[in-house]
Every structure is written in structure tokens, then in C-alpha cells.
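**Student:** Structure file start27.tsv (TSV, C-alpha atoms and all ligand atoms) is given on the next line.
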chain	number	residue	atom	x	y	z
A	1	MET	CA	-15.73	-52.70	-35.48
A	2	ALA	CA	-14.35	-56.25	-35.70
A	3	LYS	CA	-12.44	-58.31	-38.24
A	4	GLY	CA	-13.62	-61.72	-39.43
A	5	LYS	CA	-14.05	-64.07	-42.37
A	6	TYR	CA	-17.11	-64.01	-44.62
A	7	PHE	CA	-18.48	-67.14	-46.31
A	8	ASP	CA	-21.19	-66.58	-48.95
A	9	GLY	CA	-22.82	-70.03	-48.53
A	10	LEU	CA	-22.49	-70.80	-52.23
A	11	THR	CA	-18.76	-71.19	-52.72
A	12	SER	CA	-16.06	-72.36	-50.33
A	13	SER	CA	-14.05	-69.18	-50.73
A	14	GLU	CA	-13.59	-66.93	-47.76
A	15	HIS	CA	-13.42	-63.15	-47.75
A	16	GLU	CA	-11.85	-60.77	-45.28
A	17	ALA	CA	-14.70	-58.93	-43.60
A	18	THR	CA	-15.09	-55.90	-41.35
A	19	ILE	CA	-18.17	-56.07	-39.13
A	20	ASN	CA	-19.86	-53.01	-37.76
A	21	PRO	CA	-23.05	-53.39	-35.70
A	22	SER	CA	-25.54	-50.56	-35.59
A	23	LEU	CA	-29.13	-50.28	-34.39
A	24	GLN	CA	-31.04	-53.37	-35.67
A	25	ARG	CA	-28.47	-53.96	-38.41
A	26	LEU	CA	-25.11	-55.54	-38.94
A	27	GLY	CA	-22.99	-53.74	-41.52
A	28	ILE	CA	-20.42	-55.90	-43.27
A	29	ILE	CA	-17.72	-54.78	-45.67
A	30	ILE	CA	-15.97	-57.45	-47.70
A	31	SER	CA	-13.50	-57.34	-50.57
A	32	ASP	CA	-14.62	-58.80	-53.88
A	33	PRO	CA	-12.15	-60.92	-55.94
A	34	TYR	CA	-10.84	-57.70	-57.51
A	35	GLY	CA	-10.10	-56.13	-54.14
A	36	ARG	CA	-13.00	-53.67	-54.32
A	37	PRO	CA	-15.08	-53.15	-51.23
A	38	LYS	CA	-18.59	-54.57	-51.18
A	39	PHE	CA	-21.17	-53.50	-48.60
A	40	LEU	CA	-23.59	-55.97	-47.02
A	41	ASP	CA	-26.36	-55.20	-44.61
A	42	TRP	CA	-27.87	-57.91	-42.35
A	43	ASP	CA	-30.97	-57.64	-40.23
A	44	LEU	CA	-30.01	-58.64	-36.68
A	45	GLU	CA	-33.21	-60.67	-36.42
A	46	ASP	CA	-31.98	-62.99	-39.17
A	47	ILE	CA	-28.80	-63.87	-37.29
A	48	GLU	CA	-28.02	-66.87	-35.09
A	49	ILE	CA	-24.93	-67.17	-32.96
A	50	GLU	CA	-22.79	-70.23	-32.38
A	51	TYR	CA	-19.69	-70.40	-30.25
A	52	ASN	CA	-16.95	-72.99	-30.58
A	53	GLU	CA	-15.35	-72.98	-27.19
A	54	PHE	CA	-12.48	-75.25	-28.22
A	55	ALA	CA	-11.45	-73.13	-31.21
A	56	LYS	CA	-12.39	-69.87	-29.46
A	57	ARG	CA	-14.30	-68.84	-32.58
A	58	VAL	CA	-17.73	-67.28	-32.95
A	59	LYS	CA	-19.99	-67.99	-35.91
A	60	LEU	CA	-22.74	-65.51	-36.87
A	61	GLU	CA	-25.06	-67.18	-39.39
A	62	ASN	CA	-27.66	-65.43	-41.50
A	63	LYS	CA	-30.70	-67.79	-41.73
A	64	THR	CA	-31.96	-66.33	-45.00
A	65	GLU	CA	-31.12	-68.44	-48.05
A	66	PRO	CA	-28.45	-68.96	-49.13
A	67	ARG	CA	-27.20	-69.37	-45.57
A	68	LYS	CA	-24.11	-67.17	-45.27
A	69	ARG	CA	-21.92	-66.69	-42.27
A	70	ILE	CA	-19.18	-64.69	-40.63
A	71	GLU	CA	-16.56	-66.30	-38.42
A	72	LEU	CA	-14.62	-64.26	-35.87
A	73	GLU	CA	-11.94	-64.84	-33.29
A	74	LEU	CA	-13.46	-64.65	-29.79
A	75	SER	CA	-11.47	-61.52	-28.88
A	76	GLU	CA	-12.74	-59.76	-32.03
A	77	PHE	CA	-16.32	-60.70	-31.27
A	78	LEU	CA	-16.04	-59.56	-27.62
A	79	SER	CA	-14.95	-56.11	-28.81
A	80	ILE	CA	-18.38	-55.60	-30.46
A	81	GLN	CA	-20.70	-57.81	-28.43
A	82	ASP	CA	-21.89	-54.95	-26.20
A	83	GLN	CA	-23.43	-53.33	-29.32
A	84	LEU	CA	-25.48	-56.46	-30.07
A	85	PRO	CA	-28.86	-57.45	-28.64
A	86	LYS	CA	-28.83	-59.85	-25.68
A	87	ASN	CA	-29.68	-62.95	-27.73
A	88	LEU	CA	-26.49	-62.43	-29.76
A	89	ARG	CA	-24.15	-62.07	-26.81
A	90	LEU	CA	-21.98	-64.64	-25.06
A	91	GLY	CA	-21.87	-64.86	-21.27
A	92	ILE	CA	-18.18	-64.01	-21.37
A	93	ARG	CA	-16.47	-60.75	-20.50
A	94	SER	CA	-14.21	-59.18	-23.07
A	95	ASN	CA	-10.52	-59.55	-22.44
A	96	GLY	CA	-10.22	-55.80	-22.11
A	97	LEU	CA	-12.84	-55.70	-19.38
A	98	ARG	CA	-11.31	-58.70	-17.74
A	99	LYS	CA	-7.96	-56.89	-17.73
A	100	ILE	CA	-9.53	-53.80	-16.15
A	101	TRP	CA	-11.11	-55.97	-13.48
A	102	LEU	CA	-7.85	-57.75	-12.84
A	103	PHE	CA	-5.96	-54.46	-12.76
A	104	GLY	CA	-8.50	-53.02	-10.31
A	105	ALA	CA	-8.34	-56.06	-8.08
A	106	ILE	CA	-4.54	-56.06	-8.05
A	107	SER	CA	-4.43	-52.32	-7.36
A	108	LEU	CA	-6.88	-52.70	-4.49
A	109	PHE	CA	-4.82	-55.55	-3.10
A	110	ILE	CA	-1.61	-53.51	-3.30
A	111	ILE	CA	-3.24	-50.44	-1.72
A	112	GLY	CA	-4.70	-52.64	1.02
A	113	PHE	CA	-1.36	-54.28	1.56
A	114	LEU	CA	0.40	-50.90	1.81
A	115	ILE	CA	-2.17	-49.59	4.30
A	116	PHE	CA	-1.86	-52.79	6.30
A	117	SER	CA	1.95	-52.58	6.19
A	118	TYR	CA	1.96	-48.95	7.23
A	119	PHE	CA	-0.52	-49.13	10.08
A	120	VAL	CA	-0.09	-52.68	11.33
A	121	MET	CA	3.09	-54.38	10.16
A	122	LEU	CA	5.44	-51.42	10.45
A	123	PRO	CA	4.56	-50.57	14.08
A	124	TYR	CA	4.62	-54.28	14.91
A	125	PHE	CA	8.02	-54.69	13.29
A	126	ALA	CA	9.27	-51.49	14.96
A	127	GLU	CA	8.26	-52.83	18.35
A	128	LYS	CA	10.07	-56.10	17.68
A	129	VAL	CA	13.20	-54.13	16.78
A	130	ALA	CA	12.79	-52.05	19.95
A	131	ILE	CA	12.78	-55.22	22.05
A	132	ASN	CA	16.00	-56.38	20.38
A	133	PHE	CA	17.66	-52.96	20.29
A	134	PRO	CA	21.22	-53.27	21.69
A	135	GLN	CA	21.42	-52.14	25.30
A	136	SER	CA	24.40	-49.87	24.63
A	137	TYR	CA	22.34	-47.97	22.04
A	138	GLU	CA	19.38	-47.73	24.36
A	139	ARG	CA	21.75	-46.27	26.93
A	140	LYS	CA	23.05	-43.68	24.42
A	141	LEU	CA	19.49	-42.66	23.59
A	142	GLY	CA	18.50	-42.47	27.25
A	143	LEU	CA	21.55	-40.40	28.10
A	144	SER	CA	20.75	-37.92	25.35
A	145	VAL	CA	17.12	-37.69	26.51
A	146	PHE	CA	18.21	-37.28	30.11
A	147	GLU	CA	20.76	-34.58	29.25
A	148	SER	CA	18.18	-32.65	27.24
A	149	MET	CA	15.84	-32.64	30.24
A	150	GLU	CA	18.43	-32.18	32.96
A	151	SER	CA	18.19	-28.39	33.22
A	152	ASP	CA	14.41	-28.59	33.74
A	153	LEU	CA	14.70	-31.39	36.25
A	154	ASP	CA	16.72	-29.48	38.85
A	155	ILE	CA	18.44	-32.62	40.16
A	156	ASP	CA	19.47	-32.73	43.83
A	157	SER	CA	22.68	-34.76	43.80
A	158	THR	CA	22.78	-35.51	47.55
A	159	LYS	CA	19.20	-36.76	47.59
A	160	SER	CA	19.76	-38.61	44.32
A	161	HIS	CA	22.57	-40.47	46.06
A	162	ASP	CA	20.24	-41.42	48.94
A	163	LEU	CA	17.52	-42.40	46.53
A	164	GLN	CA	19.99	-44.60	44.66
A	165	LEU	CA	20.89	-46.33	47.96
A	166	PHE	CA	17.19	-46.85	48.61
A	167	PHE	CA	16.73	-48.34	45.15
A	168	ASN	CA	19.82	-50.59	45.38
A	169	GLY	CA	18.48	-51.94	48.68
A	170	LEU	CA	15.44	-53.30	46.85
A	171	GLY	CA	17.58	-55.70	44.83
A	172	TYR	CA	15.59	-55.23	41.59
A	173	ASP	CA	18.47	-54.22	39.44
A	174	GLU	CA	20.19	-57.24	37.93
A	175	SER	CA	21.87	-56.09	34.73
A	176	LYS	CA	20.16	-52.84	33.87
A	177	ASN	CA	22.46	-50.39	35.72
A	178	VAL	CA	19.54	-48.26	36.73
A	179	GLN	CA	20.34	-44.72	37.84
A	180	VAL	CA	17.81	-43.01	40.07
A	181	PHE	CA	17.47	-39.23	40.37
A	182	TYR	CA	15.71	-36.94	42.79
A	183	SER	CA	14.24	-33.94	41.02
A	184	LYS	CA	13.33	-30.84	43.06
A	185	THR	CA	10.16	-30.47	41.00
A	186	ASN	CA	6.78	-30.15	42.65
A	187	ASP	CA	4.75	-32.14	40.13
A	188	ILE	CA	3.45	-35.33	41.66
A	189	ASN	CA	5.33	-37.50	39.23
A	190	ALA	CA	7.94	-40.13	38.58
A	191	PHE	CA	9.06	-41.44	35.22
A	192	ALA	CA	11.46	-43.76	33.49
A	193	ILE	CA	13.75	-42.87	30.60
A	194	PRO	CA	15.06	-45.59	28.25
A	195	GLY	CA	18.46	-47.00	29.12
A	196	GLY	CA	17.83	-47.19	32.85
A	197	PHE	CA	17.08	-43.73	34.23
A	198	ILE	CA	14.36	-43.20	36.82
A	199	VAL	CA	13.42	-39.73	37.98
A	200	VAL	CA	11.28	-39.22	41.08
A	201	ASN	CA	9.99	-35.75	41.83
A	202	GLU	CA	10.04	-34.08	45.21
A	203	GLY	CA	6.30	-33.44	44.83
A	204	LEU	CA	5.61	-37.16	44.67
A	205	ILE	CA	7.87	-38.09	47.58
A	206	ASN	CA	6.36	-35.37	49.76
A	207	SER	CA	2.86	-36.59	49.04
A	208	MET	CA	3.73	-40.12	50.17
A	209	ASN	CA	2.86	-41.37	53.63
A	210	ASN	CA	5.49	-44.10	53.95
A	211	TYR	CA	8.51	-45.69	52.35
A	212	LYS	CA	6.50	-48.61	50.98
A	213	GLU	CA	4.92	-46.24	48.50
A	214	LEU	CA	8.38	-45.27	47.28
A	215	GLN	CA	9.24	-48.96	46.94
A	216	GLY	CA	6.07	-49.36	44.88
A	217	VAL	CA	6.87	-46.43	42.57
A	218	LEU	CA	10.37	-47.72	41.98
A	219	ALA	CA	9.10	-51.25	41.28
A	220	HIS	CA	6.56	-49.84	38.81
A	221	GLU	CA	9.14	-47.68	37.01
A	222	PHE	CA	11.69	-50.46	37.04
A	223	ILE	CA	9.26	-52.69	35.12
A	224	HIS	CA	8.78	-49.91	32.54
A	225	ILE	CA	12.56	-49.92	32.06
A	226	LYS	CA	12.95	-53.69	32.15
A	227	HIS	CA	10.27	-54.18	29.47
A	228	ARG	CA	11.52	-51.17	27.47
A	229	HIS	CA	8.04	-49.65	27.43
A	230	SER	CA	9.08	-46.13	26.47
A	231	LEU	CA	11.48	-47.38	23.80
A	232	ARG	CA	8.67	-49.46	22.36
A	233	ILE	CA	6.17	-46.62	22.19
A	234	LEU	CA	8.83	-44.33	20.75
A	235	PHE	CA	9.64	-46.88	18.04
A	236	ARG	CA	5.95	-47.36	17.29
A	237	SER	CA	5.24	-43.67	17.01
A	238	LEU	CA	8.28	-43.08	14.79
A	239	SER	CA	7.96	-46.27	12.76
A	240	SER	CA	7.14	-44.44	9.53
A	241	TYR	CA	10.24	-42.26	9.85
A	242	LEU	CA	12.28	-45.28	10.76
A	243	ALA	CA	10.95	-47.46	7.93
A	244	ILE	CA	14.03	-47.47	5.70
A	245	SER	CA	16.49	-47.85	8.57
A	246	LEU	CA	14.32	-50.64	9.98
A	247	VAL	CA	14.34	-52.47	6.65
A	248	PHE	CA	18.12	-52.21	6.30
A	249	GLY	CA	18.80	-52.83	9.98
A	250	ASP	CA	20.79	-49.59	10.17
A	251	ILE	CA	21.06	-49.23	13.94
A	252	ASN	CA	23.07	-46.01	13.86
A	253	GLY	CA	20.46	-44.48	11.55
A	254	ILE	CA	17.71	-45.61	13.92
A	255	LEU	CA	19.57	-44.17	16.90
A	256	ALA	CA	20.03	-40.82	15.13
A	257	ILE	CA	16.32	-40.56	14.31
A	258	LEU	CA	15.36	-41.58	17.84
A	259	ILE	CA	17.65	-38.97	19.39
A	260	GLN	CA	16.37	-36.25	17.04
A	261	ASN	CA	12.82	-37.07	18.04
A	262	SER	CA	13.36	-37.97	21.67
A	263	ASN	CA	11.31	-35.00	22.86
A	264	GLU	CA	8.36	-37.06	21.53
A	265	LEU	CA	8.79	-39.12	24.67
A	266	ARG	CA	7.44	-36.25	26.74
A	267	SER	CA	4.10	-36.34	24.99
A	268	LEU	CA	3.71	-40.10	24.63
A	269	SER	CA	1.97	-42.09	27.27
A	270	TYR	CA	2.16	-45.77	28.00
A	271	SER	CA	-0.62	-48.04	26.86
A	272	ARG	CA	-3.10	-49.45	29.33
A	273	THR	CA	-1.47	-52.87	28.92
A	274	MET	CA	1.94	-51.45	29.75
A	275	GLU	CA	0.66	-49.72	32.90
A	276	THR	CA	-1.06	-52.87	34.05
A	277	GLU	CA	2.11	-54.82	33.36
A	278	ALA	CA	4.12	-52.33	35.40
A	279	ASP	CA	1.64	-52.64	38.30
A	280	ILE	CA	1.33	-56.40	38.33
A	281	ASN	CA	4.92	-57.34	37.52
A	282	GLY	CA	6.15	-54.60	39.85
A	283	ALA	CA	4.04	-55.99	42.68
A	284	GLU	CA	5.22	-59.54	41.95
A	285	LEU	CA	8.80	-58.33	41.94
A	286	MET	CA	8.31	-56.68	45.35
A	287	VAL	CA	6.94	-59.91	46.78
A	288	GLU	CA	9.73	-61.93	45.19
A	289	LYS	CA	12.30	-59.69	46.89
A	290	GLY	CA	10.50	-60.04	50.20
A	291	PHE	CA	8.87	-56.62	50.42
A	292	ASP	CA	5.35	-55.68	51.33
A	293	PRO	CA	3.68	-54.89	48.01
A	294	HIS	CA	0.84	-52.93	49.62
A	295	GLY	CA	2.97	-49.86	49.10
A	296	MET	CA	1.78	-49.83	45.52
A	297	ILE	CA	-1.86	-49.81	46.57
A	298	GLU	CA	-1.20	-47.16	49.18
A	299	LEU	CA	0.53	-45.13	46.48
A	300	MET	CA	-2.51	-45.38	44.23
A	301	GLU	CA	-4.76	-44.32	47.06
A	302	THR	CA	-2.45	-41.35	47.62
A	303	LEU	CA	-2.54	-40.49	43.92
A	304	LYS	CA	-6.29	-40.84	43.90
A	305	SER	CA	-6.58	-38.22	46.60
A	306	HIS	CA	-4.49	-35.88	44.43
A	307	THR	CA	-6.37	-36.60	41.24
A	308	PRO	CA	-8.14	-33.25	40.77
A	309	ASN	CA	-4.91	-31.28	40.43
A	310	ILE	CA	-2.53	-33.93	39.22
A	311	GLU	CA	-0.81	-33.20	35.91
A	312	ASN	CA	2.11	-35.42	35.19
A	313	GLU	CA	3.47	-37.56	32.44
A	314	VAL	CA	3.85	-41.11	33.57
A	315	PHE	CA	1.21	-41.18	36.25
A	316	LYS	CA	-1.23	-39.08	34.28
A	317	TYR	CA	-2.90	-42.21	33.03
A	318	LEU	CA	-2.67	-43.95	36.34
A	319	ALA	CA	-4.01	-41.08	38.39
A	320	THR	CA	-6.71	-39.73	36.13
A	321	HIS	CA	-7.95	-42.92	34.65
A	322	PRO	CA	-11.34	-43.90	36.04
A	323	ASP	CA	-10.39	-47.56	36.36
A	324	LEU	CA	-7.84	-46.89	39.09
A	325	ASP	CA	-10.11	-48.79	41.49
A	326	LEU	CA	-10.11	-51.71	39.11
A	327	ARG	CA	-6.34	-51.71	39.03
A	328	ILE	CA	-6.17	-51.63	42.80
A	329	ASN	CA	-8.48	-54.65	42.86
A	330	ASN	CA	-6.20	-56.46	40.38
A	331	LEU	CA	-3.26	-55.80	42.64
A	332	GLU	CA	-5.16	-57.04	45.69
A	333	LYS	CA	-5.68	-60.31	43.81
A	334	VAL	CA	-1.95	-60.64	43.11
A	335	TYR	CA	-1.11	-60.10	46.77
A	336	SER	CA	-3.69	-62.50	48.10
A	337	ASN	CA	-2.22	-65.16	45.82
A	338	GLN	CA	1.23	-64.63	47.31
A	339	ALA	CA	1.70	-66.78	50.38
A	340	LYS	CA	5.36	-65.91	50.75
A	341	THR	CA	6.49	-64.57	54.12
A	342	LEU	CA	7.56	-60.98	53.85
A	343	ASN	CA	10.78	-59.51	55.13
A	344	ALA	CA	10.68	-57.47	58.26
A	345	ASP	CA	10.45	-53.74	57.63
A	346	SER	CA	13.67	-52.52	56.22
A	347	LEU	CA	14.95	-50.01	58.75
A	348	ILE	CA	17.45	-48.65	56.29
A	349	SER	CA	14.78	-48.04	53.65
A	350	LYS	CA	12.61	-46.39	56.26
A	351	SER	CA	15.35	-44.07	57.46
A	352	ILE	CA	16.44	-43.13	53.95
A	353	PHE	CA	12.84	-42.37	53.07
A	354	LEU	CA	12.37	-40.14	56.10
A	355	ASN	CA	15.60	-38.41	55.25
A	356	LEU	CA	14.44	-37.81	51.67
A	357	LYS	CA	11.06	-36.57	52.75
A	358	ASN	CA	11.82	-34.33	55.69
A	359	ASP	CA	15.13	-32.80	54.82
A	360	ARG	CA	13.93	-30.08	52.48
A	401	ZN	ZN	3.64	-46.34	34.63
Please render this file's structure as C-alpha cells.
**Tutor:**
Amino acid sequence: MAKGKYFDGLTSSEHEATINPSLQRLGIIISDPYGRPKFLDWDLEDIEIEYNEFAKRVKLENKTEPRKRIELELSEFLSIQDQLPKNLRLGIRSNGLRKIWLFGAISLFIIGFLIFSYFVMLPYFAEKVAINFPQSYERKLGLSVFESMESDLDIDSTKSHDLQLFFNGLGYDESKNVQVFYSKTNDINAFAIPGGFIVVNEGLINSMNNYKELQGVLAHEFIHIKHRHSLRILFRSLSSYLAISLVFGDINGILAILIQNSNELRSLSYSRTMETEADINGAELMVEKGFDPHGMIELMETLKSHTPNIENEVFKYLATHPDLDLRINNLEKVYSNQAKTLNADSLISKSIFLNLKNDR
């Protein structure tokens, strides 16, 4: 049903009209001069349509004499045009439909934007925050993670002291205050905890053939710490929990959530890119400090020989991943590009290593 004006074609007077299309017919109700309703009934075949785009008005004219017509606002006409035959329709969507389309499109856009924000922007943003996370907070987090693991780690304080001397001798540590621990655990493993903690297991040291492999492990783990790899994956994995704190830059809130969920770190593994970064940058660092970087390759060969029964956190990827050979090749390329003369074997490193390995 639509409202319009009716003109009888004989006089200039206009009448309020209600138009109601039905099958083959157009029913029209107008008011006569005395306000009484009058019913008209047009055959649709007698009607021609004319649209005035400027005035946004539609004229339906009945060709039978005397030529009479109805004029409607466009919006009124669009509300009934679907009930009319094709030749009496305009190629314009009704406002209502247009609104539904617009609403649908906007909703889709918002849903898409939310999905994009949640899965792409939030983790990206979280990682950016992780990179700029204050070092003192990273240290607090790391300390809490380390303390929660300490009873399982069975730390040997004497050997940790020796291991620390070994690490300090490498000259990697500039401002990170890295603490190195010797764990009397048999798993062939070493790992880094945010804030500058490196744990090397007895199982890994005992499987090594020489001190260069230990230098390689420490270089690799040091790069994980330097580039905040574990902090970054922790932030990424918790980004949805962290969302509000991230938005408001509430660092204490972030720290609290991270500490509550720090056991997540045990199940997270580094990305392939991070492991490659730790290998390559670690090897470059060794060369830069004048050490033979082949220790890292030797270490991988050692790990490869242990692959069938290896089950550890940090080196799980490294040791079980089929592209270990590829990574060794990458490292070979780095070394062959380094023309720098290497230091003579460090006797101190060698003796500390032997001490760590044999004195059980
Ligand atoms: Zn690693």
C-alpha cells in the first residue's frame, strides 16, 4: 500500500489516494469532495509509468480516456514496486532494501575488522609491546618463572658458578646480566628464560664432545634472550587476555597476567624464524668474539645422533625437525663468509668444560 495524489484528467483538483496493487489490477481509494471513500480499479495493462528523477516523483498514467493519473513520492512507489509487473518497475532499489544492504555491508566490515584485529593486529601489537617491555619488568617475570621451576631443575650451584665463568669468558653479555645455571637433569636440553636466565642440563653437557659445542649452545640461547624470543611468543599467545592492558599501556597489569600464565612458556616453542635467527646470529656473534663457530654445527650433529630419544623444550624443534641438515648448511654458509682470524683455543674454556663434564 502506498500514498499518492490522484488527478481525474478532467479537473485540476487533486485527491489523496491510497494505492494497492493486486494481481493484474491496481486498486485505488480516493476521497470524494465530501470526504467519502471512492474505489477505483485500474487494469495494469492500461498503465504507463514515468519517473521524474529531479523531483523524485513517479507518475502512473491510465491511457484510457479521460487520461487520469496518480503521482507518488519515489519512496512510496518503491514500497509497492515489487508487486507490479516488470514494465512498471524502476531500476532502483527501495530505500529499505538499500538500508538492509548497507547495514549488511557495514556489519560484514565490522566483523571482518574484529577478526582481523583479533588474529592479526592484536598479536602484532602484543609483539611490538614485548620488544619495548621495560627490562626491569622482563627481569621480574623471568625471576618468577625461574623460581617456579627451580625445584624441578635441581640446580648445582658449584657447577653453575663454573658455567657462569665459561659464559662470561665468551664476552657476549653486554647489558643483559645473563645468569647461567647448571641443572642436574638428564634431558638433552638447554633453554632461555626471559630476563636473562639460561639453563643448561647435565644431559646436554654430557652428550657434548667438546667445549665448542657448549659455546655454540650458549651463543644460541643468548640470542633468544637478546631478541626476547620467549617474551614475544608469550605476549603473542596471551594477546587476547592482555588486550585491555595493552590498549591502556598498563604495564603492571601486563606483568601480572604474564606471571599468572608463565607456565605457558613450558609448552610454547619458538618459531622457525626465531630458531634460525638464534643459529645465524649466534654463529655471527661467536665469530665476532673470535671463537670457532663450528661448535654450533658439531652440536647439531650431536643432537642429530640423539634425535630418536630426544624430548626437550627448546631443542625439540631443532633436534626433531627434518630440516636440521638445511640449517647446518645455512650455518656453513655463514662461516665460509667469515674471513676473520679466529682466536686460539681458549684453554680456560676448555678446562672449565672438562671440569663440568667429568666431575659428576
Ligand atoms: Zn633455540
**Student:** Go through A:Thr18, A:Ser79, A:Asn189, A:Pro85 and flag the residue nearest A:Leu44, using only C-alpha atoms for the distances.
**Tutor:**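 Of all the options, A:Pro85 lies closest to A:Leu44.
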**Student:** For A:Met296, work out the shell of residues within 7 Å, counting only C-alpha atoms and skipping chain neighbours fewer than 5 positions away, then give it as a VMD selection string.
**Tutor:** chain A and resid 213 216 to 217
**Student:** Could you write out that same residue set with C-alpha atoms as a compact mmCIF listing (two decimals), in the frame of the given file?
**Tutor:**
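Full text of part-v1.txt as output:
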# COMPACT_ATOMS: atom_id res chain seq x y z
CA GLU A 213 4.92 -46.24 48.50
CA GLY A 216 6.07 -49.36 44.88
CA VAL A 217 6.87 -46.43 42.57
**Student:** Please identify every residue of chain A that has at least one atom no farther than 12 Å from an atom of ligand ZN 401 (chain A), counting only C-alpha atoms and all ligand atoms, and for each give the shortest atom pair and the distance in Å to one decimal, arranged by chain then increasing number, as a Markdown table.
**Tutor:**
| residue | atom | partner | partner_atom | distance |
| --- | --- | --- | --- | --- |
| A:Asn189 | CA | A:ZN401 | ZN | 10.1 |
| A:Ala190 | CA | A:ZN401 | ZN | 8.5 |
| A:Phe191 | CA | A:ZN401 | ZN | 7.3 |
| A:Ala192 | CA | A:ZN401 | ZN | 8.3 |
| A:Ile193 | CA | A:ZN401 | ZN | 11.4 |
| A:Ile198 | CA | A:ZN401 | ZN | 11.4 |
| A:Gly216 | CA | A:ZN401 | ZN | 11.0 |
| A:Val217 | CA | A:ZN401 | ZN | 8.6 |
| A:Leu218 | CA | A:ZN401 | ZN | 10.1 |
| A:Ala219 | CA | A:ZN401 | ZN | 9.9 |
| A:His220 | CA | A:ZN401 | ZN | 6.2 |
| A:Glu221 | CA | A:ZN401 | ZN | 6.1 |
| A:Phe222 | CA | A:ZN401 | ZN | 9.4 |
| A:Ile223 | CA | A:ZN401 | ZN | 8.5 |
| A:His224 | CA | A:ZN401 | ZN | 6.6 |
| A:Ile225 | CA | A:ZN401 | ZN | 9.9 |
| A:His227 | CA | A:ZN401 | ZN | 11.5 |
| A:Arg228 | CA | A:ZN401 | ZN | 11.7 |
| A:His229 | CA | A:ZN401 | ZN | 9.1 |
| A:Ser230 | CA | A:ZN401 | ZN | 9.8 |
| A:Leu268 | CA | A:ZN401 | ZN | 11.8 |
| A:Ser269 | CA | A:ZN401 | ZN | 8.7 |
| A:Tyr270 | CA | A:ZN401 | ZN | 6.8 |
| A:Ser271 | CA | A:ZN401 | ZN | 9.0 |
| A:Arg272 | CA | A:ZN401 | ZN | 9.1 |
| A:Thr273 | CA | A:ZN401 | ZN | 10.1 |
| A:Met274 | CA | A:ZN401 | ZN | 7.3 |
| A:Glu275 | CA | A:ZN401 | ZN | 4.8 |
| A:Thr276 | CA | A:ZN401 | ZN | 8.1 |
| A:Glu277 | CA | A:ZN401 | ZN | 8.7 |
| A:Ala278 | CA | A:ZN401 | ZN | 6.1 |
| A:Asp279 | CA | A:ZN401 | ZN | 7.6 |
| A:Ile280 | CA | A:ZN401 | ZN | 11.0 |
| A:Asn281 | CA | A:ZN401 | ZN | 11.4 |
| A:Gly282 | CA | A:ZN401 | ZN | 10.1 |
| A:Met296 | CA | A:ZN401 | ZN | 11.6 |
| A:Met300 | CA | A:ZN401 | ZN | 11.4 |
| A:Asn312 | CA | A:ZN401 | ZN | 11.0 |
| A:Glu313 | CA | A:ZN401 | ZN | 9.1 |
| A:Val314 | CA | A:ZN401 | ZN | 5.3 |
| A:Phe315 | CA | A:ZN401 | ZN | 5.9 |
| A:Lys316 | CA | A:ZN401 | ZN | 8.7 |
| A:Tyr317 | CA | A:ZN401 | ZN | 7.9 |
| A:Leu318 | CA | A:ZN401 | ZN | 7.0 |
| A:Ala319 | CA | A:ZN401 | ZN | 10.0 |
**Student:** Quick one: everything within 10 Å of A:Leu40, counting all atoms listed in the file, minus sequence neighbours fewer than 2 positions away in the same chain. Send it as a PDB file with C-alpha atoms, in the coordinates of the input.
**Tutor:**
ATOM      1  CA  ALA A  17     -14.700 -58.930 -43.600  1.00  0.00           C
ATOM      2  CA  ILE A  19     -18.170 -56.070 -39.130  1.00  0.00           C
ATOM      3  CA  LEU A  26     -25.110 -55.540 -38.940  1.00  0.00           C
ATOM      4  CA  GLY A  27     -22.990 -53.740 -41.520  1.00  0.00           C
ATOM      5  CA  ILE A  28     -20.420 -55.900 -43.270  1.00  0.00           C
ATOM      6  CA  ILE A  29     -17.720 -54.780 -45.670  1.00  0.00           C
ATOM      7  CA  ILE A  30     -15.970 -57.450 -47.700  1.00  0.00           C
ATOM      8  CA  PRO A  37     -15.080 -53.150 -51.230  1.00  0.00           C
ATOM      9  CA  LYS A  38     -18.590 -54.570 -51.180  1.00  0.00           C
ATOM     10  CA  TRP A  42     -27.870 -57.910 -42.350  1.00  0.00           C
TER      11      TRP A  42
END
**Student:** Within 9 Å of (-9.3, -63.3, -27.6), all atoms listed in the file: residues as a CSV table (one decimal) with C-alpha atoms, in the coordinates of the input?
**Tutor:**
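Done, and the output landed in part-v4.csv:
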chain,number,residue,atom,x,y,z
A,56,LYS,CA,-12.4,-69.9,-29.5
A,57,ARG,CA,-14.3,-68.8,-32.6
A,73,GLU,CA,-11.9,-64.8,-33.3
A,74,LEU,CA,-13.5,-64.6,-29.8
A,75,SER,CA,-11.5,-61.5,-28.9
A,76,GLU,CA,-12.7,-59.8,-32.0
A,77,PHE,CA,-16.3,-60.7,-31.3
A,78,LEU,CA,-16.0,-59.6,-27.6
A,94,SER,CA,-14.2,-59.2,-23.1
A,95,ASN,CA,-10.5,-59.6,-22.4
**Student:** Please, what distance in Å, to one decimal, runs between atom CA of A:Ala256 and atom CA of A:Pro194?
**Tutor:** 14.8 Å
**Student:** Neighbourhood query: residues within 12 Å of (24.0, -45.6, 26.4), file coordinates, counting only C-alpha atoms; return as a CSV table (one decimal) with C-alpha atoms, in the frame of the given file.
**Tutor:**
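The resulting out.csv:
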chain,number,residue,atom,x,y,z
A,133,PHE,CA,17.7,-53.0,20.3
A,134,PRO,CA,21.2,-53.3,21.7
A,135,GLN,CA,21.4,-52.1,25.3
A,136,SER,CA,24.4,-49.9,24.6
A,137,TYR,CA,22.3,-48.0,22.0
A,138,GLU,CA,19.4,-47.7,24.4
A,139,ARG,CA,21.8,-46.3,26.9
A,140,LYS,CA,23.0,-43.7,24.4
A,141,LEU,CA,19.5,-42.7,23.6
A,142,GLY,CA,18.5,-42.5,27.2
A,143,LEU,CA,21.6,-40.4,28.1
A,144,SER,CA,20.8,-37.9,25.4
A,145,VAL,CA,17.1,-37.7,26.5
A,146,PHE,CA,18.2,-37.3,30.1
A,147,GLU,CA,20.8,-34.6,29.2
A,176,LYS,CA,20.2,-52.8,33.9
A,177,ASN,CA,22.5,-50.4,35.7
A,178,VAL,CA,19.5,-48.3,36.7
A,193,ILE,CA,13.8,-42.9,30.6
A,194,PRO,CA,15.1,-45.6,28.2
A,195,GLY,CA,18.5,-47.0,29.1
A,196,GLY,CA,17.8,-47.2,32.8
A,197,PHE,CA,17.1,-43.7,34.2
A,255,LEU,CA,19.6,-44.2,16.9
A,259,ILE,CA,17.6,-39.0,19.4
**Student:** Reconstruct stretch 272-277 of chain A at the level of N, CA and C atoms, and format the result as a tab-separated table (two decimals), in the frame of the given file.
**Tutor:**
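File selection20.tsv, as written:
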chain	number	residue	atom	x	y	z
A	272	ARG	N	-2.44	-48.87	28.17
A	272	ARG	CA	-3.10	-49.45	29.33
A	272	ARG	C	-2.43	-50.78	29.72
A	273	THR	N	-2.11	-51.58	28.67
A	273	THR	CA	-1.47	-52.87	28.92
A	273	THR	C	-0.13	-52.69	29.62
A	274	MET	N	0.62	-51.68	29.16
A	274	MET	CA	1.94	-51.45	29.75
A	274	MET	C	1.82	-51.03	31.22
A	275	GLU	N	0.85	-50.16	31.52
A	275	GLU	CA	0.66	-49.72	32.90
A	275	GLU	C	0.26	-50.89	33.80
A	276	THR	N	-0.64	-51.72	33.26
A	276	THR	CA	-1.06	-52.87	34.05
A	276	THR	C	0.12	-53.80	34.29
A	277	GLU	N	0.92	-53.98	33.24
A	277	GLU	CA	2.11	-54.82	33.36
A	277	GLU	C	3.05	-54.28	34.44
